[in-house]
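A.B. asks: Below you will find the structure I want to go over with you.
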Amino acid sequence: MKIVSIVGARPQFIKCAPLSREIRKRHQEIIVHTGQHYDPEMSEIFFEELDIPKPGYHLGVGSGSHAGQTAKILERTETVLLSEHPDIVVIYGDTNSTLAGALAASKLQIPIAHVEAGLRSFDRTMPEEINRVVADHLSSFLFCPTTTAVSNLHLEGISKGVCLVGDVMNDALFFNRQVAETRSDILDRLGITRSRYLVLTVHRPSNTDNKNHLAEILRSVSKAGLPVVFPVHPRTRKNLDKYGLLDCLPENLLCIDPVGYLDMISLMAHADKILTDSGGVQKEAYLLGIPCITLRENTEWIETVADGWNILVGADSGKIISAIESFSPDTPQRDVFGPPGASKRICEILDCIISD
Ligand code: UD1
Ligand code: UDP
């Protein structure tokens with residue numbers, strides 16, 4: 001079977017790594033990198049560290065407005081699909097690369113497999129929510145990480161092709177955790193001590209495109225009484241600069257460039273707590289058993305909240321400070337993402353499709 005996998009943003013490289021490894025055992029895979037993320041530390045580093053095969057196509061779309069970026073990916077992906085004639089297109093997650101990939105494939109009547117299908121925050125102010133809904137409704141095979149995702153699809157009338165497989169990010173973490181322990185020396189490089197620092201990541205428009213929210217978050221972490229390691233997403237750095245906040249950063253904040261996956265695992269695994277608005281980081285905090293303070297009003301990973309290991313605080317400084325001081329889960333985790341092996345399960349299902 002000939003499979004085209006479409007990726008373009010940081011979390012998609014991480015999701016693609018374990019599945020690509022499985023796919024290539026039995027099928028021909030062509031990776032299409034849309035170029036949505038392009039800085040070396042947002043893209044290349046993941047291909048190198050995770051041994052992801054070199055993309056067959058790099059569409060070089062770069063940044064732009066939602067419509068502009070999506071349109072460029074759509075047009076350039078169509079050209080690739082017309083020349084490659086794949087049997088199936090694999091899309092990941094909920095970015096503009098996911099949406100455009102889904103549109104291009106569906107118009108050419110190429111079946112789509114959506115990895116991380118069925119997630120919903122029920123917040124259509126998030127661009128990702130729109131991307132998820134459209135991608136799911138255009139997909140033939142919907143690989144869900146959780147039972148909640150399966151239920152969300154059923155509520156929208158989608159049941160055909162829905163498969164509960166677990167989470168491919170669990171595979172990525174499982175595969176790389178030990179490697180990170182031996183290869184990453186980021187704690188030494190930053191001069192920080194295990195369990196005596198926090199990790200912060202912020203990149204959602206709801207936080208980064210709002211000066212007050214960004215300033216509130218920074219003010220809150222300044223009260224932490226611990227160093228706060230902050231790998232800064234390029235969107236966030238741009239806005240910190242625009243709002244004049246780069247000149248008045250708290251002294252305990254260690255602002256660094258985005259880090260590779262191995263350094264990120266190491267930072268997260270040894271943190272006292274993690275503060276984030278990232279989807280992937282919420283899951284990884286849960287899987288690593290680190291309390292997560294989510295800088296959003298809602299989340300699509302509600303199991304982590306229900307289980308008591310994630311707390312939603314938005315950009316409210318009172319809630320953030322109180323969570324830093326006292327959020328301390330004391331209930332055992334229920335293992336809501338199940339065991340690793342999602343990539344293998346997805347591949348087995350793809351194998352059955354081809355033999356039908
Ligand atoms: C995108 C996804 C988001 C995902 C995130 C992962 C959409 C709508 N959003 O958000 O779902 O959680 O990736 O990180 O698809 N930039 C650079 N260098 C880069 C990439 C981006 O400087 O390599 C800057 C540009 O100024 C760009 C901005 O970051 O305009 C935003 O990038 P974009 O890819 O549009 O959205 P993200 O915020 O990264
Ligand atoms: N990540 C990373 N380096 C960083 C920040 C994040 O490797 O500096 C990883 C993180 O561990 C997770 C993924 O990137 O696996 C999450 O991506 P991001 O937060 O950009 O997007 P989201 O998951 O919110 O879509």
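Chain lettering (A, B, ...) mirrors the order of the structure tokens, residue numbering begins at 1 for each chain separately, and ligand numbering begins at 1 in order of display.
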Show me which residues are within 7 Å of ligand 1 counting only C-alpha atoms and all ligand atoms, and format the list as a list in words.
C.D. replies: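 Checking only C-alpha atoms and all ligand atoms against ligand 1 at 7 Å gives Ala9, Arg10, Pro11, Gln36, His37, Tyr38, Asp39, Met42, Ser43, Ser63, Gly64, His66, Asp94, Thr95, Asn96, Ser97, Pro127, Glu128, His203, Arg204, Pro205, Pro234, Arg235, Lys238, Ser278 and Gly279 of chain A.
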A.B. asks: Could you list, as number ranges by chain, all the residues within 9 Å of ligand 2, counting only C-alpha atoms and all ligand atoms?
C.D. replies: A: 9-15, 41-42, 46, 93-95, 128, 169, 172-173, 201-204, 230-233, 256-265, 268, 276-285
A.B. asks: Can you tell me, as a PyMOL selection string, what residues are no more than 12 Å from A:Leu240 when counting only C-alpha atoms, ignoring any on the same chain fewer than 5 positions away?
C.D. replies: chain A and resi 202-203+207-215+217-218+232-235+245-249+255
A.B. asks: Name the residues in contact with stretch 221-228 of chain A at a cut-off of 12 Å, using only C-alpha atoms, excluding same-chain residues fewer than 3 positions from it; report them as JSON, numbers by chain.
C.D. replies: {"A": [187, 190, 191, 192, 193, 194, 195, 196, 197, 198, 199, 200, 201, 214, 215, 216, 217, 218, 231, 232, 248, 249, 250, 251, 252, 253, 254, 255, 256, 267, 268, 271, 272, 273, 274, 275, 276, 293, 295, 315, 316, 317, 318, 319, 320, 321, 322, 323, 324, 325, 326]}
A.B. asks: Mind listing the alpha helix (DSSP H) residues of stretch 38-141 of chain A, per DSSP on the backbone, as a CSV table (one decimal) with all heavy atoms, in the first residue's frame?
C.D. replies:
chain,number,residue,atom,x,y,z
A,44,GLU,N,13.6,20.6,12.0
A,44,GLU,CA,14.7,19.7,11.7
A,44,GLU,C,15.1,18.9,12.9
A,44,GLU,O,15.4,17.7,12.7
A,44,GLU,CB,15.9,20.6,11.3
A,44,GLU,CG,16.6,20.1,10.0
A,44,GLU,CD,17.5,21.3,9.6
A,44,GLU,OE1,17.1,22.1,8.9
A,44,GLU,OE2,18.7,21.3,10.1
A,45,ILE,N,15.2,19.5,14.0
A,45,ILE,CA,15.7,18.8,15.2
A,45,ILE,C,14.9,17.5,15.5
A,45,ILE,O,15.5,16.5,15.9
A,45,ILE,CB,15.8,19.7,16.5
A,45,ILE,CG1,16.6,19.1,17.6
A,45,ILE,CG2,14.4,20.2,16.9
A,45,ILE,CD1,16.9,20.0,18.7
A,46,PHE,N,13.6,17.6,15.2
A,46,PHE,CA,12.8,16.4,15.5
A,46,PHE,C,13.0,15.3,14.5
A,46,PHE,O,13.1,14.1,14.9
A,46,PHE,CB,11.3,16.8,15.5
A,46,PHE,CG,11.0,17.8,16.6
A,46,PHE,CD1,11.0,19.1,16.4
A,46,PHE,CD2,10.9,17.3,17.9
A,46,PHE,CE1,10.8,20.0,17.4
A,46,PHE,CE2,10.7,18.2,19.0
A,46,PHE,CZ,10.6,19.6,18.7
A,47,PHE,N,13.3,15.6,13.2
A,47,PHE,CA,13.6,14.6,12.2
A,47,PHE,C,14.9,13.9,12.6
A,47,PHE,O,15.1,12.7,12.5
A,47,PHE,CB,13.7,15.3,10.8
A,47,PHE,CG,12.3,15.6,10.3
A,47,PHE,CD1,11.6,16.7,10.7
A,47,PHE,CD2,11.7,14.7,9.4
A,47,PHE,CE1,10.3,16.9,10.2
A,47,PHE,CE2,10.4,14.9,8.9
A,47,PHE,CZ,9.7,16.0,9.3
A,48,GLU,N,15.9,14.7,13.1
A,48,GLU,CA,17.2,14.2,13.4
A,48,GLU,C,17.1,13.3,14.7
A,48,GLU,O,17.4,12.1,14.7
A,48,GLU,CB,18.2,15.3,13.7
A,48,GLU,CG,18.7,15.9,12.4
A,48,GLU,CD,19.4,17.3,12.6
A,48,GLU,OE1,19.6,17.6,13.8
A,48,GLU,OE2,19.6,18.0,11.6
A,49,GLU,N,16.5,13.9,15.7
A,49,GLU,CA,16.5,13.1,17.0
A,49,GLU,C,15.6,11.9,17.0
A,49,GLU,O,15.9,10.9,17.6
A,49,GLU,CB,15.9,14.0,18.1
A,49,GLU,CG,16.9,15.0,18.7
A,49,GLU,CD,16.3,15.7,20.0
A,49,GLU,OE1,15.1,15.6,20.2
A,49,GLU,OE2,17.1,16.2,20.7
A,66,HIS,N,-4.6,32.4,8.5
A,66,HIS,CA,-5.2,31.0,8.5
A,66,HIS,C,-5.6,30.6,7.0
A,66,HIS,O,-5.2,29.6,6.5
A,66,HIS,CB,-6.4,30.9,9.4
A,66,HIS,CG,-6.0,30.8,10.8
A,66,HIS,ND1,-5.7,29.6,11.4
A,66,HIS,CD2,-5.9,31.7,11.8
A,66,HIS,CE1,-5.3,29.8,12.6
A,66,HIS,NE2,-5.5,31.0,12.9
A,67,ALA,N,-6.3,31.5,6.4
A,67,ALA,CA,-6.8,31.2,5.0
A,67,ALA,C,-5.6,31.1,4.1
A,67,ALA,O,-5.5,30.1,3.3
A,67,ALA,CB,-7.8,32.3,4.5
A,68,GLY,N,-4.6,32.0,4.2
A,68,GLY,CA,-3.5,32.0,3.3
A,68,GLY,C,-2.7,30.8,3.4
A,68,GLY,O,-2.3,30.1,2.4
A,69,GLN,N,-2.4,30.4,4.7
A,69,GLN,CA,-1.5,29.2,4.9
A,69,GLN,C,-2.3,28.0,4.5
A,69,GLN,O,-1.7,27.1,3.8
A,69,GLN,CB,-1.2,29.2,6.4
A,69,GLN,CG,-0.2,28.1,6.8
A,69,GLN,CD,0.1,28.1,8.3
A,69,GLN,OE1,-0.9,28.1,9.1
A,69,GLN,NE2,1.3,28.3,8.7
A,70,THR,N,-3.6,27.9,4.9
A,70,THR,CA,-4.3,26.7,4.5
A,70,THR,C,-4.4,26.5,3.0
A,70,THR,O,-4.3,25.4,2.5
A,70,THR,CB,-5.7,26.7,5.2
A,70,THR,OG1,-5.6,27.0,6.6
A,70,THR,CG2,-6.5,25.5,5.0
A,71,ALA,N,-4.7,27.6,2.3
A,71,ALA,CA,-4.8,27.6,0.9
A,71,ALA,C,-3.6,27.1,0.2
A,71,ALA,O,-3.6,26.3,-0.7
A,71,ALA,CB,-5.2,29.0,0.4
A,72,LYS,N,-2.4,27.6,0.7
A,72,LYS,CA,-1.1,27.2,0.1
A,72,LYS,C,-0.9,25.7,0.2
A,72,LYS,O,-0.5,25.0,-0.7
A,72,LYS,CB,0.0,28.0,0.7
A,72,LYS,CG,0.3,29.3,0.1
A,72,LYS,CD,1.6,29.8,0.6
A,72,LYS,CE,1.8,31.3,0.4
A,72,LYS,NZ,2.7,32.0,1.3
A,73,ILE,N,-1.2,25.3,1.5
A,73,ILE,CA,-1.0,23.8,1.7
A,73,ILE,C,-1.9,23.0,0.8
A,73,ILE,O,-1.5,22.0,0.2
A,73,ILE,CB,-1.2,23.5,3.2
A,73,ILE,CG1,-0.3,24.3,4.1
A,73,ILE,CG2,-0.9,22.0,3.5
A,73,ILE,CD1,-0.5,24.2,5.6
A,74,LEU,N,-3.1,23.4,0.8
A,74,LEU,CA,-4.2,22.7,0.0
A,74,LEU,C,-3.7,22.6,-1.5
A,74,LEU,O,-3.7,21.5,-2.1
A,74,LEU,CB,-5.5,23.5,0.1
A,74,LEU,CG,-6.7,23.0,-0.7
A,74,LEU,CD1,-7.0,21.6,-0.3
A,74,LEU,CD2,-7.9,23.9,-0.3
A,75,GLU,N,-3.3,23.7,-2.1
A,75,GLU,CA,-2.9,23.7,-3.5
A,75,GLU,C,-1.7,22.8,-3.7
A,75,GLU,O,-1.7,22.0,-4.6
A,75,GLU,CB,-2.7,25.1,-3.9
A,75,GLU,CG,-2.6,25.3,-5.4
A,75,GLU,CD,-2.6,26.8,-5.8
A,75,GLU,OE1,-2.1,27.6,-5.0
A,75,GLU,OE2,-3.0,27.1,-6.9
A,76,ARG,N,-0.7,23.0,-2.8
A,76,ARG,CA,0.6,22.2,-3.1
A,76,ARG,C,0.4,20.7,-2.8
A,76,ARG,O,1.0,19.9,-3.4
A,76,ARG,CB,1.7,22.9,-2.2
A,76,ARG,CG,2.0,24.3,-2.7
A,76,ARG,CD,3.1,25.0,-1.9
A,76,ARG,NE,3.0,26.4,-2.2
A,76,ARG,CZ,3.8,27.3,-1.8
A,76,ARG,NH1,4.8,26.9,-1.0
A,76,ARG,NH2,3.7,28.6,-2.1
A,77,THR,N,-0.5,20.4,-1.8
A,77,THR,CA,-0.7,19.0,-1.5
A,77,THR,C,-1.5,18.3,-2.6
A,77,THR,O,-1.2,17.2,-2.9
A,77,THR,CB,-1.5,18.9,-0.1
A,77,THR,OG1,-0.8,19.6,0.9
A,77,THR,CG2,-1.7,17.4,0.3
A,78,GLU,N,-2.4,19.1,-3.2
A,78,GLU,CA,-3.1,18.5,-4.3
A,78,GLU,C,-2.2,18.0,-5.4
A,78,GLU,O,-2.3,16.9,-6.0
A,78,GLU,CB,-4.1,19.5,-4.9
A,78,GLU,CG,-5.0,18.9,-6.0
A,78,GLU,CD,-5.9,19.9,-6.6
A,78,GLU,OE1,-5.4,21.0,-7.1
A,78,GLU,OE2,-7.1,19.7,-6.6
A,79,THR,N,-1.2,18.9,-5.7
A,79,THR,CA,-0.2,18.5,-6.8
A,79,THR,C,0.5,17.2,-6.4
A,79,THR,O,0.7,16.4,-7.3
A,79,THR,CB,0.8,19.7,-6.9
A,79,THR,OG1,0.1,20.9,-7.1
A,79,THR,CG2,1.7,19.5,-8.1
A,80,VAL,N,0.9,17.1,-5.2
A,80,VAL,CA,1.6,15.9,-4.7
A,80,VAL,C,0.7,14.7,-4.9
A,80,VAL,O,1.1,13.7,-5.4
A,80,VAL,CB,2.1,16.1,-3.3
A,80,VAL,CG1,2.7,14.7,-2.8
A,80,VAL,CG2,3.1,17.2,-3.1
A,81,LEU,N,-0.5,14.8,-4.4
A,81,LEU,CA,-1.4,13.7,-4.4
A,81,LEU,C,-1.7,13.2,-5.8
A,81,LEU,O,-1.8,12.0,-6.1
A,81,LEU,CB,-2.7,14.0,-3.6
A,81,LEU,CG,-2.5,14.3,-2.1
A,81,LEU,CD1,-3.8,14.6,-1.4
A,81,LEU,CD2,-1.8,13.1,-1.4
A,82,LEU,N,-1.8,14.2,-6.7
A,82,LEU,CA,-2.1,13.9,-8.1
A,82,LEU,C,-1.0,13.2,-8.8
A,82,LEU,O,-1.1,12.3,-9.6
A,82,LEU,CB,-2.4,15.2,-8.9
A,82,LEU,CG,-3.8,15.7,-8.7
A,82,LEU,CD1,-4.0,17.1,-9.3
A,82,LEU,CD2,-4.9,14.8,-9.3
A,83,SER,N,0.3,13.5,-8.3
A,83,SER,CA,1.4,12.8,-8.9
A,83,SER,C,1.7,11.4,-8.2
A,83,SER,O,2.2,10.5,-8.9
A,83,SER,CB,2.6,13.7,-9.1
A,83,SER,OG,3.5,13.5,-8.0
A,84,GLU,N,1.4,11.3,-7.0
A,84,GLU,CA,1.7,10.1,-6.2
A,84,GLU,C,0.6,9.0,-6.2
A,84,GLU,O,0.9,7.8,-6.0
A,84,GLU,CB,2.1,10.4,-4.8
A,84,GLU,CG,3.4,11.2,-4.7
A,84,GLU,CD,4.7,10.3,-5.1
A,84,GLU,OE1,4.5,9.1,-5.2
A,84,GLU,OE2,5.7,10.9,-5.3
A,96,ASN,N,-3.5,23.6,10.8
A,96,ASN,CA,-3.9,24.0,9.5
A,96,ASN,C,-3.3,22.9,8.4
A,96,ASN,O,-4.0,22.7,7.4
A,96,ASN,CB,-3.4,25.4,9.1
A,96,ASN,CG,-4.1,26.4,9.9
A,96,ASN,OD1,-5.2,26.2,10.5
A,96,ASN,ND2,-3.6,27.6,9.9
A,97,SER,N,-2.2,22.3,8.7
A,97,SER,CA,-1.7,21.3,7.8
A,97,SER,C,-2.7,20.1,7.8
A,97,SER,O,-2.9,19.4,6.8
A,97,SER,CB,-0.3,20.8,8.3
A,97,SER,OG,0.6,21.8,8.2
A,98,THR,N,-3.3,19.8,9.0
A,98,THR,CA,-4.3,18.7,9.1
A,98,THR,C,-5.5,19.0,8.2
A,98,THR,O,-6.0,18.2,7.4
A,98,THR,CB,-4.7,18.5,10.5
A,98,THR,OG1,-3.6,18.6,11.4
A,98,THR,CG2,-5.5,17.2,10.7
A,99,LEU,N,-6.0,20.2,8.4
A,99,LEU,CA,-7.2,20.6,7.7
A,99,LEU,C,-7.0,20.6,6.2
A,99,LEU,O,-7.8,20.0,5.4
A,99,LEU,CB,-7.6,22.1,8.1
A,99,LEU,CG,-8.7,22.7,7.3
A,99,LEU,CD1,-10.0,22.1,7.6
A,99,LEU,CD2,-8.8,24.2,7.7
A,100,ALA,N,-5.9,21.2,5.7
A,100,ALA,CA,-5.6,21.3,4.3
A,100,ALA,C,-5.4,19.9,3.7
A,100,ALA,O,-5.8,19.6,2.6
A,100,ALA,CB,-4.4,22.2,4.0
A,101,GLY,N,-4.7,19.1,4.4
A,101,GLY,CA,-4.4,17.7,4.0
A,101,GLY,C,-5.7,17.0,3.8
A,101,GLY,O,-5.9,16.3,2.8
A,102,ALA,N,-6.6,17.2,4.7
A,102,ALA,CA,-8.0,16.5,4.7
A,102,ALA,C,-8.7,17.0,3.5
A,102,ALA,O,-9.4,16.2,2.7
A,102,ALA,CB,-8.7,16.7,6.0
A,103,LEU,N,-8.7,18.3,3.2
A,103,LEU,CA,-9.5,18.8,2.1
A,103,LEU,C,-8.9,18.4,0.8
A,103,LEU,O,-9.7,17.9,-0.1
A,103,LEU,CB,-9.5,20.4,2.2
A,103,LEU,CG,-10.3,21.0,3.3
A,103,LEU,CD1,-10.0,22.5,3.3
A,103,LEU,CD2,-11.8,20.9,3.0
A,104,ALA,N,-7.6,18.4,0.7
A,104,ALA,CA,-7.0,18.0,-0.6
A,104,ALA,C,-7.3,16.5,-0.9
A,104,ALA,O,-7.7,16.2,-2.0
A,104,ALA,CB,-5.5,18.2,-0.5
A,105,ALA,N,-7.1,15.7,0.1
A,105,ALA,CA,-7.3,14.2,-0.2
A,105,ALA,C,-8.8,13.9,-0.4
A,105,ALA,O,-9.1,13.2,-1.4
A,105,ALA,CB,-6.9,13.4,1.0
A,106,SER,N,-9.7,14.6,0.3
A,106,SER,CA,-11.1,14.2,0.1
A,106,SER,C,-11.7,14.6,-1.2
A,106,SER,O,-12.5,13.9,-1.8
A,106,SER,CB,-12.0,14.8,1.3
A,106,SER,OG,-11.9,16.2,1.2
A,107,LYS,N,-11.2,15.8,-1.7
A,107,LYS,CA,-11.6,16.2,-3.0
A,107,LYS,C,-11.2,15.3,-4.2
A,107,LYS,O,-11.8,15.2,-5.2
A,107,LYS,CB,-11.2,17.7,-3.3
A,107,LYS,CG,-11.8,18.7,-2.4
A,107,LYS,CD,-13.2,19.0,-2.8
A,107,LYS,CE,-13.8,20.0,-1.9
A,107,LYS,NZ,-14.2,21.3,-2.6
A,127,PRO,N,-8.7,27.8,16.8
A,127,PRO,CA,-8.6,27.4,15.4
A,127,PRO,C,-8.6,25.9,15.2
A,127,PRO,O,-9.1,25.3,14.3
A,127,PRO,CB,-7.3,28.0,14.8
A,127,PRO,CG,-6.6,28.6,16.0
A,127,PRO,CD,-7.6,28.7,17.1
A,128,GLU,N,-7.9,25.3,16.2
A,128,GLU,CA,-7.8,23.8,16.2
A,128,GLU,C,-9.1,23.1,16.2
A,128,GLU,O,-9.3,22.0,15.6
A,128,GLU,CB,-6.9,23.3,17.4
A,128,GLU,CG,-5.5,23.8,17.4
A,128,GLU,CD,-5.3,25.2,17.9
A,128,GLU,OE1,-6.3,25.8,18.3
A,128,GLU,OE2,-4.1,25.6,17.8
A,129,GLU,N,-10.1,23.6,16.9
A,129,GLU,CA,-11.4,23.0,17.1
A,129,GLU,C,-12.1,22.9,15.7
A,129,GLU,O,-12.7,21.8,15.3
A,129,GLU,CB,-12.3,23.7,18.1
A,129,GLU,CG,-13.6,23.0,18.4
A,129,GLU,CD,-13.5,21.8,19.3
A,129,GLU,OE1,-12.4,21.4,19.6
A,129,GLU,OE2,-14.6,21.3,19.6
A,130,ILE,N,-12.0,23.9,14.9
A,130,ILE,CA,-12.5,23.9,13.6
A,130,ILE,C,-11.8,22.9,12.7
A,130,ILE,O,-12.4,22.1,12.0
A,130,ILE,CB,-12.4,25.3,12.9
A,130,ILE,CG1,-13.3,26.3,13.8
A,130,ILE,CG2,-12.9,25.4,11.5
A,130,ILE,CD1,-12.9,27.8,13.6
A,131,ASN,N,-10.5,22.9,12.8
A,131,ASN,CA,-9.7,21.9,12.0
A,131,ASN,C,-10.1,20.5,12.4
A,131,ASN,O,-10.2,19.6,11.5
A,131,ASN,CB,-8.2,22.1,12.3
A,131,ASN,CG,-7.7,23.5,11.8
A,131,ASN,OD1,-8.4,24.2,11.0
A,131,ASN,ND2,-6.6,23.9,12.2
A,132,ARG,N,-10.3,20.2,13.7
A,132,ARG,CA,-10.6,18.8,14.1
A,132,ARG,C,-12.0,18.4,13.6
A,132,ARG,O,-12.1,17.3,13.1
A,132,ARG,CB,-10.8,18.8,15.6
A,132,ARG,CG,-9.6,19.0,16.4
A,132,ARG,CD,-9.9,19.0,17.9
A,132,ARG,NE,-8.8,19.5,18.6
A,132,ARG,CZ,-8.8,20.4,19.5
A,132,ARG,NH1,-9.9,21.0,19.9
A,132,ARG,NH2,-7.7,20.8,20.1
A,133,VAL,N,-13.0,19.3,13.7
A,133,VAL,CA,-14.3,18.9,13.3
A,133,VAL,C,-14.3,18.6,11.8
A,133,VAL,O,-14.8,17.6,11.3
A,133,VAL,CB,-15.3,20.0,13.6
A,133,VAL,CG1,-16.7,19.8,13.0
A,133,VAL,CG2,-15.4,20.2,15.1
A,134,VAL,N,-13.7,19.5,11.0
A,134,VAL,CA,-13.7,19.3,9.5
A,134,VAL,C,-12.9,18.0,9.2
A,134,VAL,O,-13.4,17.1,8.4
A,134,VAL,CB,-13.1,20.5,8.8
A,134,VAL,CG1,-13.1,20.2,7.3
A,134,VAL,CG2,-14.0,21.7,9.1
A,135,ALA,N,-11.8,17.9,9.8
A,135,ALA,CA,-10.9,16.7,9.4
A,135,ALA,C,-11.7,15.4,9.8
A,135,ALA,O,-11.7,14.4,9.0
A,135,ALA,CB,-9.6,16.8,10.2
A,136,ASP,N,-12.3,15.4,10.9
A,136,ASP,CA,-13.0,14.1,11.3
A,136,ASP,C,-14.2,13.8,10.4
A,136,ASP,O,-14.4,12.6,10.0
A,136,ASP,CB,-13.6,14.3,12.7
A,136,ASP,CG,-12.5,14.1,13.8
A,136,ASP,OD1,-11.5,13.5,13.5
A,136,ASP,OD2,-12.7,14.5,14.9
A,137,HIS,N,-14.9,14.8,9.9
A,137,HIS,CA,-16.0,14.6,9.1
A,137,HIS,C,-15.6,14.2,7.7
A,137,HIS,O,-16.4,13.6,6.9
A,137,HIS,CB,-17.0,15.8,9.1
A,137,HIS,CG,-17.8,15.8,10.3
A,137,HIS,ND1,-19.1,15.3,10.4
A,137,HIS,CD2,-17.6,16.2,11.6
A,137,HIS,CE1,-19.6,15.5,11.6
A,137,HIS,NE2,-18.7,16.0,12.4
A,138,LEU,N,-14.4,14.4,7.3
A,138,LEU,CA,-13.9,14.0,6.0
A,138,LEU,C,-13.1,12.7,6.0
A,138,LEU,O,-12.8,12.2,4.9
A,138,LEU,CB,-13.0,15.1,5.4
A,138,LEU,CG,-13.6,16.5,5.2
A,138,LEU,CD1,-12.6,17.5,4.6
A,138,LEU,CD2,-14.8,16.3,4.2
A.B. asks: For A:Tyr57, which of A:Phe141, A:Lys25, A:Ile186, A:Val4 is the closest residue, counting only C-alpha atoms?
C.D. replies: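 Closest residue, counting only C-alpha atoms: A:Val4.
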A.B. asks: Within stretch 230-287 of chain A, find each residue whose DSSP state, derived from the backbone, is strand (DSSP E or B), and express the selection as a list in words.
C.D. replies: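 The residues of stretch 230-287 of chain A classed as strand (DSSP E or B) are Phe230, Pro231, Leu253, Leu254, Cys255, Ile256, Lys273, Ile274, Leu275 and Thr276 of chain A.
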A.B. asks: Based on the selection just made, write N, CA, C and O atoms of those residues as a PDB file, in the first residue's frame.
C.D. replies:
ATOM      1  N   PHE A 230      11.406  28.145  30.622  1.00  0.00           N
ATOM      2  CA  PHE A 230      10.401  28.588  29.647  1.00  0.00           C
ATOM      3  C   PHE A 230      10.977  28.471  28.229  1.00  0.00           C
ATOM      4  O   PHE A 230      11.596  29.413  27.731  1.00  0.00           O
ATOM      5  N   PRO A 231      10.789  27.300  27.574  1.00  0.00           N
ATOM      6  CA  PRO A 231      11.193  27.214  26.166  1.00  0.00           C
ATOM      7  C   PRO A 231      10.165  28.001  25.339  1.00  0.00           C
ATOM      8  O   PRO A 231       9.005  27.621  25.276  1.00  0.00           O
ATOM      9  N   LEU A 253      12.717  33.498  35.736  1.00  0.00           N
ATOM     10  CA  LEU A 253      12.293  32.876  34.472  1.00  0.00           C
ATOM     11  C   LEU A 253      13.513  32.600  33.598  1.00  0.00           C
ATOM     12  O   LEU A 253      14.261  33.529  33.260  1.00  0.00           O
ATOM     13  N   LEU A 254      13.711  31.317  33.249  1.00  0.00           N
ATOM     14  CA  LEU A 254      14.814  30.968  32.351  1.00  0.00           C
ATOM     15  C   LEU A 254      14.246  30.826  30.958  1.00  0.00           C
ATOM     16  O   LEU A 254      13.727  29.768  30.584  1.00  0.00           O
ATOM     17  N   CYS A 255      14.286  31.927  30.196  1.00  0.00           N
ATOM     18  CA  CYS A 255      13.746  31.907  28.824  1.00  0.00           C
ATOM     19  C   CYS A 255      14.778  31.277  27.906  1.00  0.00           C
ATOM     20  O   CYS A 255      15.901  31.778  27.810  1.00  0.00           O
ATOM     21  N   ILE A 256      14.386  30.201  27.232  1.00  0.00           N
ATOM     22  CA  ILE A 256      15.317  29.551  26.313  1.00  0.00           C
ATOM     23  C   ILE A 256      14.614  29.329  24.978  1.00  0.00           C
ATOM     24  O   ILE A 256      13.379  29.424  24.905  1.00  0.00           O
ATOM     25  N   LYS A 273       6.339  20.907  38.839  1.00  0.00           N
ATOM     26  CA  LYS A 273       5.034  21.043  38.192  1.00  0.00           C
ATOM     27  C   LYS A 273       5.256  21.598  36.793  1.00  0.00           C
ATOM     28  O   LYS A 273       6.301  22.191  36.513  1.00  0.00           O
ATOM     29  N   ILE A 274       4.231  21.429  35.952  1.00  0.00           N
ATOM     30  CA  ILE A 274       4.302  21.958  34.593  1.00  0.00           C
ATOM     31  C   ILE A 274       3.138  22.926  34.400  1.00  0.00           C
ATOM     32  O   ILE A 274       1.997  22.617  34.775  1.00  0.00           O
ATOM     33  N   LEU A 275       3.441  24.090  33.824  1.00  0.00           N
ATOM     34  CA  LEU A 275       2.375  25.042  33.460  1.00  0.00           C
ATOM     35  C   LEU A 275       2.346  25.126  31.940  1.00  0.00           C
ATOM     36  O   LEU A 275       3.397  25.360  31.322  1.00  0.00           O
ATOM     37  N   THR A 276       1.192  24.966  31.332  1.00  0.00           N
ATOM     38  CA  THR A 276       1.169  24.899  29.872  1.00  0.00           C
ATOM     39  C   THR A 276      -0.206  25.215  29.302  1.00  0.00           C
ATOM     40  O   THR A 276      -1.216  25.097  30.003  1.00  0.00           O
TER      41      THR A 276
END
A.B. asks: If we count only C-alpha atoms and set the cut-off at 6 Å, which residues sit around A:Ile31, ignoring sequence neighbours fewer than 4 positions away in its own chain? Please answer as a ChimeraX atom specification.
C.D. replies: /A:4-5,55-56
A.B. asks: Rank A:Leu50, A:Ile3, A:Gly157, A:Gly35 by their smallest atom-to-atom distance to A:Ile112, using only C-alpha atoms, and report the top residue only.
C.D. replies: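 Of A:Leu50, A:Ile3, A:Gly157, A:Gly35, the one nearest A:Ile112 is A:Ile3, counting only C-alpha atoms.
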A.B. asks: Hey, could you make a per-residue contact list for stretch 56-156 of chain A against stretch 328-344 of chain A with 10 Å as the cut-off, showing the nearest pair of atoms and its distance in Å to one decimal, counting only C-alpha atoms, sorted by chain and number, as CSV?
C.D. replies:
residue,atom,partner,partner_atom,distance
A:Val115,CA,A:Ser343,CA,9.5
A:Phe143,CA,A:Ala342,CA,9.0
A:Cys144,CA,A:Ala342,CA,9.4
A:Pro145,CA,A:Phe337,CA,6.8
A:Thr146,CA,A:Phe337,CA,6.4
A:Thr147,CA,A:Val336,CA,9.0
A.B. asks: Using only C-alpha atoms, find the one residue out of A:Pro40, A:Leu108, A:Pro18, A:Asp87 that sits nearest to A:Asp351.
C.D. replies: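 Residue with the minimum atom-to-atom distance to A:Asp351: A:Asp87.
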A.B. asks: Atom CA of A:Ser206 and atom CA of A:Glu156, how far apart in Å?
C.D. replies: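 A separation of 26.0 Å between them.
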